[in-house]
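Source file: data.cif (mmCIF, C-alpha atoms and all ligand atoms)
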```
data_target
#
loop_
_atom_site.label_atom_id
_atom_site.label_comp_id
_atom_site.auth_asym_id
_atom_site.auth_seq_id
_atom_site.Cartn_x
_atom_site.Cartn_y
_atom_site.Cartn_z
CA MET A 1 128.33 97.55 74.20
CA LYS A 2 126.94 98.78 77.50
CA LEU A 3 124.63 101.82 77.46
CA ILE A 4 124.06 104.00 80.52
CA VAL A 5 121.51 106.81 80.29
CA GLU A 6 121.73 109.41 83.04
CA LYS A 7 119.38 112.31 83.76
CA ASP A 8 121.74 115.10 82.80
CA TYR A 9 125.33 116.25 82.26
CA ASP A 10 126.12 115.97 85.98
CA GLY A 11 124.81 112.42 86.13
CA MET A 12 126.86 111.46 83.05
CA SER A 13 129.98 113.04 84.57
CA GLU A 14 129.38 111.32 87.91
CA VAL A 15 129.09 107.84 86.42
CA ALA A 16 132.16 108.33 84.20
CA ALA A 17 134.16 109.62 87.18
CA LYS A 18 133.18 106.62 89.29
CA ILE A 19 134.32 104.18 86.60
CA MET A 20 137.58 106.08 86.07
CA ILE A 21 138.35 106.28 89.80
CA ASP A 22 137.62 102.55 90.27
CA GLU A 23 139.91 101.72 87.35
CA ILE A 24 142.74 103.83 88.82
CA LYS A 25 142.26 102.24 92.25
CA ASN A 26 142.38 98.77 90.70
CA ASN A 27 145.49 99.64 88.74
CA PRO A 28 147.54 102.51 90.20
CA ASN A 29 149.95 102.24 87.22
CA ILE A 30 147.14 102.78 84.74
CA ASN A 31 147.68 104.40 81.34
CA LEU A 32 144.78 106.72 80.64
CA GLY A 33 143.71 107.83 77.17
CA LEU A 34 142.15 111.27 77.52
CA ALA A 35 139.94 113.59 75.49
CA THR A 36 139.41 117.33 75.78
CA GLY A 37 136.23 119.34 75.19
CA SER A 38 133.07 120.41 77.00
CA THR A 39 131.93 116.81 77.53
CA THR A 40 134.89 115.87 79.73
CA LYS A 41 135.04 119.00 81.92
CA GLY A 42 132.53 117.69 84.51
CA LEU A 43 134.35 114.37 84.64
CA TYR A 44 137.71 116.03 85.26
CA LYS A 45 136.18 118.32 87.90
CA ARG A 46 134.96 115.24 89.80
CA ILE A 47 138.33 113.56 89.44
CA ILE A 48 139.98 116.66 90.97
CA ASP A 49 137.42 116.64 93.82
CA ALA A 50 138.10 112.95 94.50
CA HIS A 51 141.84 113.60 94.47
CA GLU A 52 141.45 116.48 96.92
CA ARG A 53 139.47 114.21 99.22
CA GLY A 54 142.36 111.72 99.12
CA LYS A 55 140.35 109.17 97.15
CA VAL A 56 142.62 108.83 94.14
CA ASP A 57 146.35 108.94 93.59
CA PHE A 58 148.01 109.78 90.27
CA SER A 59 151.65 109.36 91.23
CA ASN A 60 152.08 106.30 89.01
CA VAL A 61 149.56 107.20 86.31
CA LYS A 62 150.47 108.05 82.72
CA SER A 63 148.15 109.72 80.22
CA PHE A 64 147.97 110.01 76.45
CA ASN A 65 145.72 112.52 74.75
CA LEU A 66 143.91 111.85 71.53
CA ASP A 67 144.68 114.99 69.61
CA GLU A 68 146.07 118.52 69.28
CA TYR A 69 145.73 121.39 66.84
CA ILE A 70 148.66 121.87 64.49
CA GLY A 71 150.35 125.23 65.01
CA LEU A 72 149.39 125.74 68.65
CA ASP A 73 151.83 125.23 71.48
CA GLY A 74 150.88 124.49 75.06
CA THR A 75 150.81 128.14 76.09
CA HIS A 76 147.98 128.88 73.65
CA PRO A 77 144.73 128.99 75.69
CA SER A 78 142.88 127.00 73.01
CA SER A 79 145.51 124.27 72.76
CA TYR A 80 144.62 120.89 74.16
CA ARG A 81 147.76 120.91 76.31
CA TYR A 82 146.49 124.10 77.95
CA PHE A 83 143.02 122.56 78.36
CA MET A 84 144.41 119.46 80.06
CA ASP A 85 146.76 121.40 82.31
CA THR A 86 144.11 123.84 83.48
CA ASN A 87 141.17 121.40 83.68
CA LEU A 88 143.00 118.46 85.22
CA PHE A 89 146.76 118.07 85.44
CA ASN A 90 147.52 121.24 87.44
CA HIS A 91 145.13 120.06 90.15
CA ILE A 92 146.21 116.45 90.67
CA ASN A 93 149.48 114.76 91.63
CA ILE A 94 150.27 113.42 88.15
CA ASN A 95 153.85 113.75 86.92
CA LYS A 96 153.48 116.20 83.99
CA ASN A 97 156.39 114.49 82.23
CA LYS A 98 154.17 111.44 82.02
CA THR A 99 151.25 113.30 80.44
CA TYR A 100 151.62 112.91 76.70
CA ILE A 101 149.74 115.11 74.25
CA PRO A 102 150.61 115.35 70.55
CA ASP A 103 152.87 118.34 69.93
CA GLY A 104 151.13 120.80 67.64
CA LYS A 105 154.46 122.44 66.89
CA ALA A 106 156.32 119.23 65.99
CA LYS A 107 158.78 119.83 63.14
CA ASN A 108 158.63 116.60 61.18
CA LEU A 109 155.01 115.55 61.45
CA GLU A 110 155.44 112.31 59.56
CA THR A 111 158.05 110.99 61.98
CA TYR A 112 156.37 112.62 64.95
CA THR A 113 152.99 110.92 64.42
CA LYS A 114 154.64 107.53 63.96
CA ASP A 115 156.65 108.09 67.13
CA TYR A 116 153.48 108.92 69.09
CA ASP A 117 151.97 105.49 68.40
CA GLU A 118 155.29 103.83 69.19
CA LEU A 119 155.50 105.75 72.46
CA ILE A 120 152.07 104.50 73.52
CA GLU A 121 153.07 100.92 72.68
CA LYS A 122 156.41 101.28 74.47
CA LYS A 123 154.72 102.58 77.62
CA GLY A 124 152.41 99.57 77.69
CA GLY A 125 149.35 100.74 75.73
CA ILE A 126 146.19 102.44 76.94
CA ASP A 127 144.15 100.78 79.68
CA LEU A 128 141.18 103.14 79.78
CA GLN A 129 140.26 105.41 76.89
CA ILE A 130 137.85 108.33 77.40
CA LEU A 131 136.09 109.57 74.28
CA GLY A 132 133.67 112.33 73.38
CA ILE A 133 131.84 112.41 70.06
CA GLY A 134 131.55 115.24 67.54
CA THR A 135 128.17 116.37 66.22
CA ASN A 136 129.32 114.78 62.96
CA GLY A 137 130.11 111.45 64.62
CA HIS A 138 133.86 111.92 64.86
CA ILE A 139 135.87 110.42 67.69
CA ALA A 140 139.25 112.02 68.44
CA PHE A 141 139.69 114.09 65.26
CA ILE A 142 138.91 111.15 63.02
CA GLU A 143 136.55 112.98 60.69
CA PRO A 144 133.83 111.41 58.51
CA SER A 145 135.29 110.79 55.07
CA ASP A 146 135.76 108.19 52.30
CA GLU A 147 138.61 106.74 54.30
CA ILE A 148 139.97 107.18 57.81
CA ALA A 149 143.50 106.82 59.13
CA ILE A 150 144.61 103.65 60.90
CA ASP A 151 147.43 105.28 62.84
CA THR A 152 148.09 108.67 64.41
CA SER A 153 148.32 111.17 61.59
CA VAL A 154 147.71 114.69 60.39
CA VAL A 155 144.02 115.30 59.71
CA LYS A 156 142.16 118.05 57.92
CA LEU A 157 139.30 119.25 60.09
CA THR A 158 135.85 119.44 58.49
CA GLU A 159 133.95 122.74 58.23
CA ASN A 160 131.52 121.29 60.75
CA THR A 161 134.22 120.65 63.38
CA ILE A 162 135.88 124.02 62.76
CA LYS A 163 132.51 125.70 63.33
CA ASP A 164 131.69 123.59 66.43
CA ASN A 165 135.10 124.27 67.99
CA SER A 166 135.14 127.98 67.17
CA ARG A 167 133.52 128.55 70.58
CA PHE A 168 136.94 127.93 72.09
CA PHE A 169 138.54 130.66 69.93
CA ASN A 170 137.99 134.41 69.48
CA THR A 171 137.01 134.08 65.82
CA LEU A 172 136.20 131.31 63.34
CA ASP A 173 139.33 132.23 61.37
CA GLU A 174 141.53 131.50 64.37
CA VAL A 175 140.53 127.82 64.48
CA PRO A 176 143.37 125.71 63.04
CA LYS A 177 142.35 123.77 59.93
CA THR A 178 144.51 120.76 60.72
CA ALA A 179 145.30 118.64 63.74
CA ILE A 180 147.24 115.61 64.87
CA SER A 181 144.86 112.82 65.81
CA MET A 182 145.27 109.29 67.02
CA GLY A 183 144.02 106.81 64.46
CA ILE A 184 141.25 104.26 64.80
CA SER A 185 143.67 101.44 65.48
CA GLY A 186 145.23 103.22 68.47
CA ILE A 187 141.78 103.81 69.96
CA LEU A 188 140.61 100.24 69.42
CA LYS A 189 143.76 98.89 71.07
CA ALA A 190 142.70 100.37 74.43
CA GLU A 191 141.63 97.73 76.96
CA LYS A 192 138.45 99.58 77.89
CA ILE A 193 136.62 102.49 76.28
CA ILE A 194 134.13 105.00 77.67
CA LEU A 195 132.24 107.17 75.19
CA MET A 196 130.44 110.15 76.70
CA ALA A 197 127.84 112.50 75.22
CA SER A 198 125.46 115.10 76.60
CA GLY A 199 122.98 117.59 75.20
CA LYS A 200 120.53 117.59 72.35
CA HIS A 201 123.12 118.83 69.84
CA LYS A 202 124.68 115.35 70.10
CA ARG A 203 121.35 113.54 69.62
CA GLU A 204 121.71 112.89 65.91
CA ALA A 205 125.30 111.63 66.17
CA ILE A 206 124.50 109.36 69.13
CA ASN A 207 121.30 107.99 67.63
CA ASN A 208 123.05 107.25 64.35
CA PHE A 209 125.77 105.51 66.31
CA LEU A 210 123.45 103.49 68.56
CA LYS A 211 121.31 102.43 65.61
CA SER A 212 124.28 101.56 63.38
CA GLU A 213 124.07 98.16 61.82
CA LYS A 214 127.11 98.75 59.66
CA ILE A 215 130.50 100.27 60.17
CA SER A 216 131.01 103.36 58.09
CA THR A 217 133.93 105.72 57.64
CA TYR A 218 131.24 108.39 57.45
CA LEU A 219 130.42 107.64 61.09
CA PRO A 220 133.83 107.09 62.69
CA ALA A 221 132.25 106.22 66.08
CA SER A 222 130.71 103.13 64.43
CA PHE A 223 134.17 101.48 64.51
CA LEU A 224 133.68 101.13 68.26
CA TYR A 225 131.43 98.16 67.46
CA LEU A 226 134.67 96.27 66.77
CA HIS A 227 135.71 96.65 70.41
CA ARG A 228 134.60 94.25 73.13
CA ASP A 229 134.51 96.63 76.11
CA VAL A 230 132.78 99.90 75.31
CA THR A 231 130.56 101.74 77.81
CA VAL A 232 128.47 104.55 76.37
CA ILE A 233 127.37 107.11 78.97
CA ILE A 234 124.85 109.67 77.78
CA ASP A 235 122.11 111.86 79.22
CA GLU A 236 118.39 112.02 78.52
CA ALA A 237 118.71 115.08 76.31
CA VAL A 238 120.78 112.98 73.90
CA TYR A 239 118.59 109.94 74.10
CA LYS A 240 115.04 111.30 74.10
CA GLU A 241 113.19 111.83 70.86
C1 LIG B 1 138.81 116.11 71.86
C2 LIG B 1 138.25 115.08 70.98
C3 LIG B 1 136.95 115.27 70.30
C4 LIG B 1 135.82 115.68 71.26
C5 LIG B 1 134.52 115.92 70.49
C6 LIG B 1 133.43 116.42 71.40
O1 LIG B 1 140.05 115.74 72.40
O2 LIG B 1 138.89 114.08 70.79
O3 LIG B 1 136.59 114.12 69.61
O4 LIG B 1 135.64 114.68 72.21
O5 LIG B 1 134.74 116.84 69.47
O6 LIG B 1 133.78 117.69 71.85
P1 LIG B 1 132.92 118.43 72.98
O7 LIG B 1 133.06 117.59 74.19
O8 LIG B 1 133.56 119.78 73.17
O9 LIG B 1 131.52 118.48 72.50
#
```
How does this structure look as structure tokens?
Amino acid sequence: MKLIVEKDYDGMSEVAAKIMIDEIKNNPNINLGLATGSTTKGLYKRIIDAHERGKVDFSNVKSFNLDEYIGLDGTHPSSYRYFMDTNLFNHININKNKTYIPDGKAKNLETYTKDYDELIEKKGGIDLQILGIGTNGHIAFIEPSDEIAIDTSVVKLTENTIKDNSRFFNTLDEVPKTAISMGISGILKAEKIILMASGKHKREAINNFLKSEKISTYLPASFLYLHRDVTVIIDEAVYKE
């Protein structure tokens, strides 16, 4: 595991953007695994800037998002489809038909979740996976629990996550209680993984993760120790005691 500690959020975003842009340049047909949330906004902003300066081309890129709230469609301003469209896809030359995000309105969730993993496999798997981390140590929406799902599945969000994510909704009650999330196996199958975190509210989760000596379903991020190419990019606010 490679650890990069940057001064602040901007530094973290800058380093992540550089790695992502280099990966796309090296492989213009890259399959990106993407995350939503406050952590990734600065990264996506820099990717848009680079695209506008002619530095990066998305015409042959495909993307797969980690998760989506059940019950929200892409027109809902708090849906992850809406987030990705407004924070990235609308501003770059990616073919939207090749941007895959779990469908929060899917009818048969059991078949749908299975199909999502199959789709990723069929399209060649994920080359570069971007991850954030929850204050409770979740990655994607794989929540701390006695057991965690191997494959993409329906997950029940914890009170902690519902509270954390309520900032994206008008009220706490509006936050969906369930989501579709990629499973740990799908994440670990990515060729390369970048985990990003910024701000002192992530300090406990990141320190628990960096100090982990064991893998625990109560700290889903700890499963990343099973992967051979993980780069963790954080800022000083996360790292400093
Ligand atoms: C979002 C996702 C989540 C977030 C995490 C951190 O697609 O998969 O795991 O990365 O909850 O969220 P922020 O960045 O908003 O602190």
With all atoms of ligand LIG 1 (chain B) from the file as input, state the centre and edge lengths in Å to one decimal of the axis-aligned box that has 3 Å extra on each side, as lines of an AutoDock Vina configuration file.
```
center_x = 135.8
center_y = 116.9
center_z = 71.8
size_x = 14.5
size_y = 11.7
size_z = 10.7
```
With a distance cut-off of 10 Å and only C-alpha atoms, select the neighbouring residues of Arg228 in chain A, excluding the residue or stretch itself and same-chain residues fewer than 5 positions from it, and output the selection as a tab-separated table (two decimals) with C-alpha atoms, in the coordinates of the input.
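And here is the file that came out, around-v5.tsv:
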```tsv
chain	number	residue	atom	x	y	z
A	1	MET	CA	128.33	97.55	74.20
A	2	LYS	CA	126.94	98.78	77.50
A	188	LEU	CA	140.61	100.24	69.42
A	191	GLU	CA	141.63	97.73	76.96
A	192	LYS	CA	138.45	99.58	77.89
A	193	ILE	CA	136.62	102.49	76.28
```
Could you give me, as a tab-separated table, every chain A residue with an atom at most 6 Å from ligand LIG 1 (chain B), plus its closest atom pair and distance in Å to one decimal, counting only C-alpha atoms and all ligand atoms, rows ordered by chain then number?
```
residue	atom	partner	partner_atom	distance
A:Ala35	CA	B:LIG1	O1	3.8
A:Thr36	CA	B:LIG1	O1	3.8
A:Gly37	CA	B:LIG1	O8	3.4
A:Ser38	CA	B:LIG1	O8	3.9
A:Thr39	CA	B:LIG1	O7	3.6
A:Leu66	CA	B:LIG1	O2	5.5
A:Asp67	CA	B:LIG1	O1	5.5
A:Leu131	CA	B:LIG1	O4	5.5
A:Gly132	CA	B:LIG1	O4	3.3
A:Ile133	CA	B:LIG1	C5	4.4
A:Gly134	CA	B:LIG1	O5	4.1
A:His138	CA	B:LIG1	O3	5.9
A:Ile139	CA	B:LIG1	O3	4.2
A:Ala140	CA	B:LIG1	O2	3.1
A:Phe141	CA	B:LIG1	O3	5.3
```
Store the residues picked out above in a file with C-alpha atoms, as a PDB file, in the coordinates of the input.
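Here's the written file again-v4.pdb:
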```
ATOM      1  CA  ALA A  35     139.940 113.590  75.490  1.00  0.00           C
ATOM      2  CA  THR A  36     139.410 117.330  75.780  1.00  0.00           C
ATOM      3  CA  GLY A  37     136.230 119.340  75.190  1.00  0.00           C
ATOM      4  CA  SER A  38     133.070 120.410  77.000  1.00  0.00           C
ATOM      5  CA  THR A  39     131.930 116.810  77.530  1.00  0.00           C
ATOM      6  CA  LEU A  66     143.910 111.850  71.530  1.00  0.00           C
ATOM      7  CA  ASP A  67     144.680 114.990  69.610  1.00  0.00           C
ATOM      8  CA  LEU A 131     136.090 109.570  74.280  1.00  0.00           C
ATOM      9  CA  GLY A 132     133.670 112.330  73.380  1.00  0.00           C
ATOM     10  CA  ILE A 133     131.840 112.410  70.060  1.00  0.00           C
ATOM     11  CA  GLY A 134     131.550 115.240  67.540  1.00  0.00           C
ATOM     12  CA  HIS A 138     133.860 111.920  64.860  1.00  0.00           C
ATOM     13  CA  ILE A 139     135.870 110.420  67.690  1.00  0.00           C
ATOM     14  CA  ALA A 140     139.250 112.020  68.440  1.00  0.00           C
ATOM     15  CA  PHE A 141     139.690 114.090  65.260  1.00  0.00           C
TER      16      PHE A 141
END
```
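Taking CA of Lys105 in chain A and CA of Asn87 in chain A as the two end points, the separation is 21.4 Å.
The nearest approach to Lys98 in chain A among the residues A:Ala190, A:Val61, A:Ile233, A:Val56, with only C-alpha atoms taken into account, belongs to A:Val61.
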Near range 78-81 of chain A, counting only C-alpha atoms, which residues have an atom at most 7 Å away, once you skip same-chain residues fewer than 5 positions from it, shown as number ranges by chain? A: 36, 68-69, 72-73, 101, 168-169
Store the residues picked out above in a file with C-alpha atoms, as a compact mmCIF listing (two decimals), in the coordinates of the input.
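Result saved to result.txt:
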```txt
# COMPACT_ATOMS: atom_id res chain seq x y z
CA THR A 36 139.41 117.33 75.78
CA GLU A 68 146.07 118.52 69.28
CA TYR A 69 145.73 121.39 66.84
CA LEU A 72 149.39 125.74 68.65
CA ASP A 73 151.83 125.23 71.48
CA ILE A 101 149.74 115.11 74.25
CA PHE A 168 136.94 127.93 72.09
CA PHE A 169 138.54 130.66 69.93
```
Please identify all polymer residues lying at most 12 Å from the point (120.6, 105.6, 68.3) (file coordinates), using all atoms listed in the file, and present the result as a list in words. Leu3, Gly137, Lys202, Arg203, Glu204, Ala205, Ile206, Asn207, Asn208, Phe209, Leu210, Lys211, Ser212, Glu213, Ala221, Ser222, Val232, Ile234, Val238, Tyr239, Lys240 and Glu241 of chain A
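Here CA of Ile130 in chain A and CA of Ile194 in chain A stand 5.0 Å from one another.
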Selection as a PyMOL selection string: residues within 9 Å of (134.9, 116.2, 60.7), counting all atoms listed in the file: chain A and resi 134-138+141-145+156-162
Under the rule of at most 10 Å, produce a per-residue listing of range 26-134 of chain A near range 4-17 of chain A: chain, number, name, the closest pair of atoms, and the distance in Å, as a Markdown table, using all atoms listed in the file.
```
| residue | atom | partner | partner_atom | distance |
| --- | --- | --- | --- | --- |
| A:Thr39 | CA | A:Tyr9 | CA | 8.1 |
| A:Thr40 | CA | A:Ser13 | CA | 7.5 |
| A:Lys41 | CA | A:Ser13 | CA | 8.3 |
| A:Gly42 | CA | A:Ser13 | CA | 5.3 |
| A:Leu43 | CA | A:Ser13 | CA | 4.6 |
| A:Tyr44 | CA | A:Ala17 | CA | 7.6 |
| A:Lys45 | CA | A:Ser13 | CA | 8.8 |
| A:Arg46 | CA | A:Ala17 | CA | 6.3 |
| A:Ile47 | CA | A:Ala17 | CA | 6.2 |
| A:Ile48 | CA | A:Ala17 | CA | 9.9 |
| A:Ala50 | CA | A:Ala17 | CA | 9.0 |
| A:Ile130 | CA | A:Ala16 | CA | 8.9 |
```
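Between Lys107 in chain A and the candidates A:Asp85, A:Ile94, A:Ile70, A:Pro77, the tightest atom-to-atom separation, counting only C-alpha atoms, involves A:Ile70.
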Near range 108-110 of chain A, within 9 Å and counting all atoms listed in the file, which residues show up once chain neighbours fewer than 5 positions away are dropped, as a PyMOL selection string? chain A and resi 115+153-154+180
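Closest approach to Val175 in chain A from the set A:Gly71, A:Gly54, A:Pro102, A:Gly124 is made by A:Gly71, with distances taken over all atoms listed in the file.
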Close residues, Gly186 in chain A itself excluded, 8 Å, only C-alpha atoms, min 2 positions apart in chain, as JSON, numbers by chain: {"A": [117, 150, 151, 152, 182, 183, 184, 188, 189, 190]}
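In terms of minimum interatomic distance to Pro28 in chain A, A:Lys62 ranks closest within A:Lys62, A:Arg53, A:Pro220, A:Ser166, counting only C-alpha atoms.
Relative to CA of Gly104 in chain A, CA of Gln129 in chain A is found at 21.0 Å.
Closest approach to Val155 in chain A from the set A:Asn65, A:Ser198, A:Thr113, A:Ser216 is made by A:Thr113, with distances taken over all atoms listed in the file.
In this comparison, which uses all atoms listed in the file, the residue of A:Asn93, A:Asp127, A:Thr75, A:Asn60 approaching Glu23 in chain A most closely is A:Asp127.
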Reconstruct all heavy atoms of range 83-93 of chain A; output as a PDB file, in the frame of the given file.
```
ATOM      1  N   PHE A  83     144.292 123.074  77.823  1.00  0.00           N
ATOM      2  CA  PHE A  83     143.020 122.560  78.360  1.00  0.00           C
ATOM      3  C   PHE A  83     143.290 121.508  79.442  1.00  0.00           C
ATOM      4  O   PHE A  83     142.728 121.545  80.531  1.00  0.00           O
ATOM      5  CB  PHE A  83     142.171 121.949  77.237  1.00  0.00           C
ATOM      6  CG  PHE A  83     140.878 121.330  77.705  1.00  0.00           C
ATOM      7  CD1 PHE A  83     139.676 122.023  77.621  1.00  0.00           C
ATOM      8  CD2 PHE A  83     140.854 120.040  78.252  1.00  0.00           C
ATOM      9  CE1 PHE A  83     138.480 121.443  78.070  1.00  0.00           C
ATOM     10  CE2 PHE A  83     139.675 119.457  78.712  1.00  0.00           C
ATOM     11  CZ  PHE A  83     138.486 120.163  78.613  1.00  0.00           C
ATOM     12  N   MET A  84     144.158 120.559  79.107  1.00  0.00           N
ATOM     13  CA  MET A  84     144.410 119.460  80.060  1.00  0.00           C
ATOM     14  C   MET A  84     145.103 119.954  81.322  1.00  0.00           C
ATOM     15  O   MET A  84     144.763 119.527  82.423  1.00  0.00           O
ATOM     16  CB  MET A  84     145.241 118.346  79.400  1.00  0.00           C
ATOM     17  CG  MET A  84     144.518 117.546  78.333  1.00  0.00           C
ATOM     18  SD  MET A  84     142.895 116.867  78.791  1.00  0.00           S
ATOM     19  CE  MET A  84     143.298 115.867  80.228  1.00  0.00           C
ATOM     20  N   ASP A  85     146.069 120.866  81.136  1.00  0.00           N
ATOM     21  CA  ASP A  85     146.760 121.400  82.310  1.00  0.00           C
ATOM     22  C   ASP A  85     145.781 122.124  83.220  1.00  0.00           C
ATOM     23  O   ASP A  85     145.751 121.886  84.427  1.00  0.00           O
ATOM     24  CB  ASP A  85     147.875 122.369  81.888  1.00  0.00           C
ATOM     25  CG  ASP A  85     149.103 121.638  81.361  1.00  0.00           C
ATOM     26  OD1 ASP A  85     149.172 120.403  81.494  1.00  0.00           O
ATOM     27  OD2 ASP A  85     150.002 122.310  80.814  1.00  0.00           O
ATOM     28  N   THR A  86     144.966 123.000  82.644  1.00  0.00           N
ATOM     29  CA  THR A  86     144.110 123.840  83.480  1.00  0.00           C
ATOM     30  C   THR A  86     142.882 123.083  84.007  1.00  0.00           C
ATOM     31  O   THR A  86     142.399 123.365  85.097  1.00  0.00           O
ATOM     32  CB  THR A  86     143.645 125.098  82.726  1.00  0.00           C
ATOM     33  OG1 THR A  86     143.077 124.694  81.473  1.00  0.00           O
ATOM     34  CG2 THR A  86     144.796 126.047  82.466  1.00  0.00           C
ATOM     35  N   ASN A  87     142.379 122.114  83.242  1.00  0.00           N
ATOM     36  CA  ASN A  87     141.170 121.400  83.680  1.00  0.00           C
ATOM     37  C   ASN A  87     141.454 120.138  84.479  1.00  0.00           C
ATOM     38  O   ASN A  87     140.544 119.568  85.062  1.00  0.00           O
ATOM     39  CB  ASN A  87     140.286 121.041  82.482  1.00  0.00           C
ATOM     40  CG  ASN A  87     139.568 122.252  81.934  1.00  0.00           C
ATOM     41  OD1 ASN A  87     138.646 122.759  82.560  1.00  0.00           O
ATOM     42  ND2 ASN A  87     140.022 122.739  80.787  1.00  0.00           N
ATOM     43  N   LEU A  88     142.720 119.679  84.455  1.00  0.00           N
ATOM     44  CA  LEU A  88     143.000 118.460  85.220  1.00  0.00           C
ATOM     45  C   LEU A  88     144.407 118.422  85.815  1.00  0.00           C
ATOM     46  O   LEU A  88     144.569 118.419  87.034  1.00  0.00           O
ATOM     47  CB  LEU A  88     142.768 117.218  84.325  1.00  0.00           C
ATOM     48  CG  LEU A  88     142.938 115.860  85.004  1.00  0.00           C
ATOM     49  CD1 LEU A  88     141.914 115.664  86.128  1.00  0.00           C
ATOM     50  CD2 LEU A  88     142.809 114.708  83.996  1.00  0.00           C
ATOM     51  N   PHE A  89     145.418 118.409  84.954  1.00  0.00           N
ATOM     52  CA  PHE A  89     146.760 118.070  85.440  1.00  0.00           C
ATOM     53  C   PHE A  89     147.298 118.992  86.529  1.00  0.00           C
ATOM     54  O   PHE A  89     147.978 118.541  87.447  1.00  0.00           O
ATOM     55  CB  PHE A  89     147.764 118.025  84.267  1.00  0.00           C
ATOM     56  CG  PHE A  89     147.430 117.031  83.189  1.00  0.00           C
ATOM     57  CD1 PHE A  89     147.792 117.267  81.862  1.00  0.00           C
ATOM     58  CD2 PHE A  89     146.763 115.844  83.482  1.00  0.00           C
ATOM     59  CE1 PHE A  89     147.502 116.352  80.864  1.00  0.00           C
ATOM     60  CE2 PHE A  89     146.464 114.920  82.481  1.00  0.00           C
ATOM     61  CZ  PHE A  89     146.840 115.183  81.162  1.00  0.00           C
ATOM     62  N   ASN A  90     146.993 120.308  86.428  1.00  0.00           N
ATOM     63  CA  ASN A  90     147.520 121.240  87.440  1.00  0.00           C
ATOM     64  C   ASN A  90     146.934 120.990  88.830  1.00  0.00           C
ATOM     65  O   ASN A  90     147.425 121.530  89.811  1.00  0.00           O
ATOM     66  CB  ASN A  90     147.194 122.696  87.060  1.00  0.00           C
ATOM     67  CG  ASN A  90     148.007 123.163  85.865  1.00  0.00           C
ATOM     68  OD1 ASN A  90     148.934 122.484  85.445  1.00  0.00           O
ATOM     69  ND2 ASN A  90     147.646 124.308  85.300  1.00  0.00           N
ATOM     70  N   HIS A  91     145.853 120.210  88.885  1.00  0.00           N
ATOM     71  CA  HIS A  91     145.130 120.060  90.150  1.00  0.00           C
ATOM     72  C   HIS A  91     145.258 118.670  90.767  1.00  0.00           C
ATOM     73  O   HIS A  91     144.615 118.386  91.773  1.00  0.00           O
ATOM     74  CB  HIS A  91     143.648 120.382  89.922  1.00  0.00           C
ATOM     75  CG  HIS A  91     143.453 121.670  89.182  1.00  0.00           C
ATOM     76  ND1 HIS A  91     143.625 122.885  89.780  1.00  0.00           N
ATOM     77  CD2 HIS A  91     143.168 121.912  87.880  1.00  0.00           C
ATOM     78  CE1 HIS A  91     143.421 123.836  88.874  1.00  0.00           C
ATOM     79  NE2 HIS A  91     143.148 123.266  87.717  1.00  0.00           N
ATOM     80  N   ILE A  92     146.033 117.799  90.120  1.00  0.00           N
ATOM     81  CA  ILE A  92     146.210 116.450  90.670  1.00  0.00           C
ATOM     82  C   ILE A  92     147.713 116.145  90.761  1.00  0.00           C
ATOM     83  O   ILE A  92     148.524 116.884  90.196  1.00  0.00           O
ATOM     84  CB  ILE A  92     145.484 115.376  89.807  1.00  0.00           C
ATOM     85  CG1 ILE A  92     145.974 115.420  88.344  1.00  0.00           C
ATOM     86  CG2 ILE A  92     143.971 115.548  89.890  1.00  0.00           C
ATOM     87  CD1 ILE A  92     145.397 114.328  87.457  1.00  0.00           C
ATOM     88  N   ASN A  93     148.059 115.043  91.432  1.00  0.00           N
ATOM     89  CA  ASN A  93     149.480 114.760  91.630  1.00  0.00           C
ATOM     90  C   ASN A  93     150.063 113.875  90.517  1.00  0.00           C
ATOM     91  O   ASN A  93     150.829 112.957  90.791  1.00  0.00           O
ATOM     92  CB  ASN A  93     149.713 114.121  93.001  1.00  0.00           C
ATOM     93  CG  ASN A  93     149.094 112.732  93.098  1.00  0.00           C
ATOM     94  OD1 ASN A  93     148.108 112.457  92.429  1.00  0.00           O
ATOM     95  ND2 ASN A  93     149.661 111.873  93.921  1.00  0.00           N
TER      96      ASN A  93
END
```
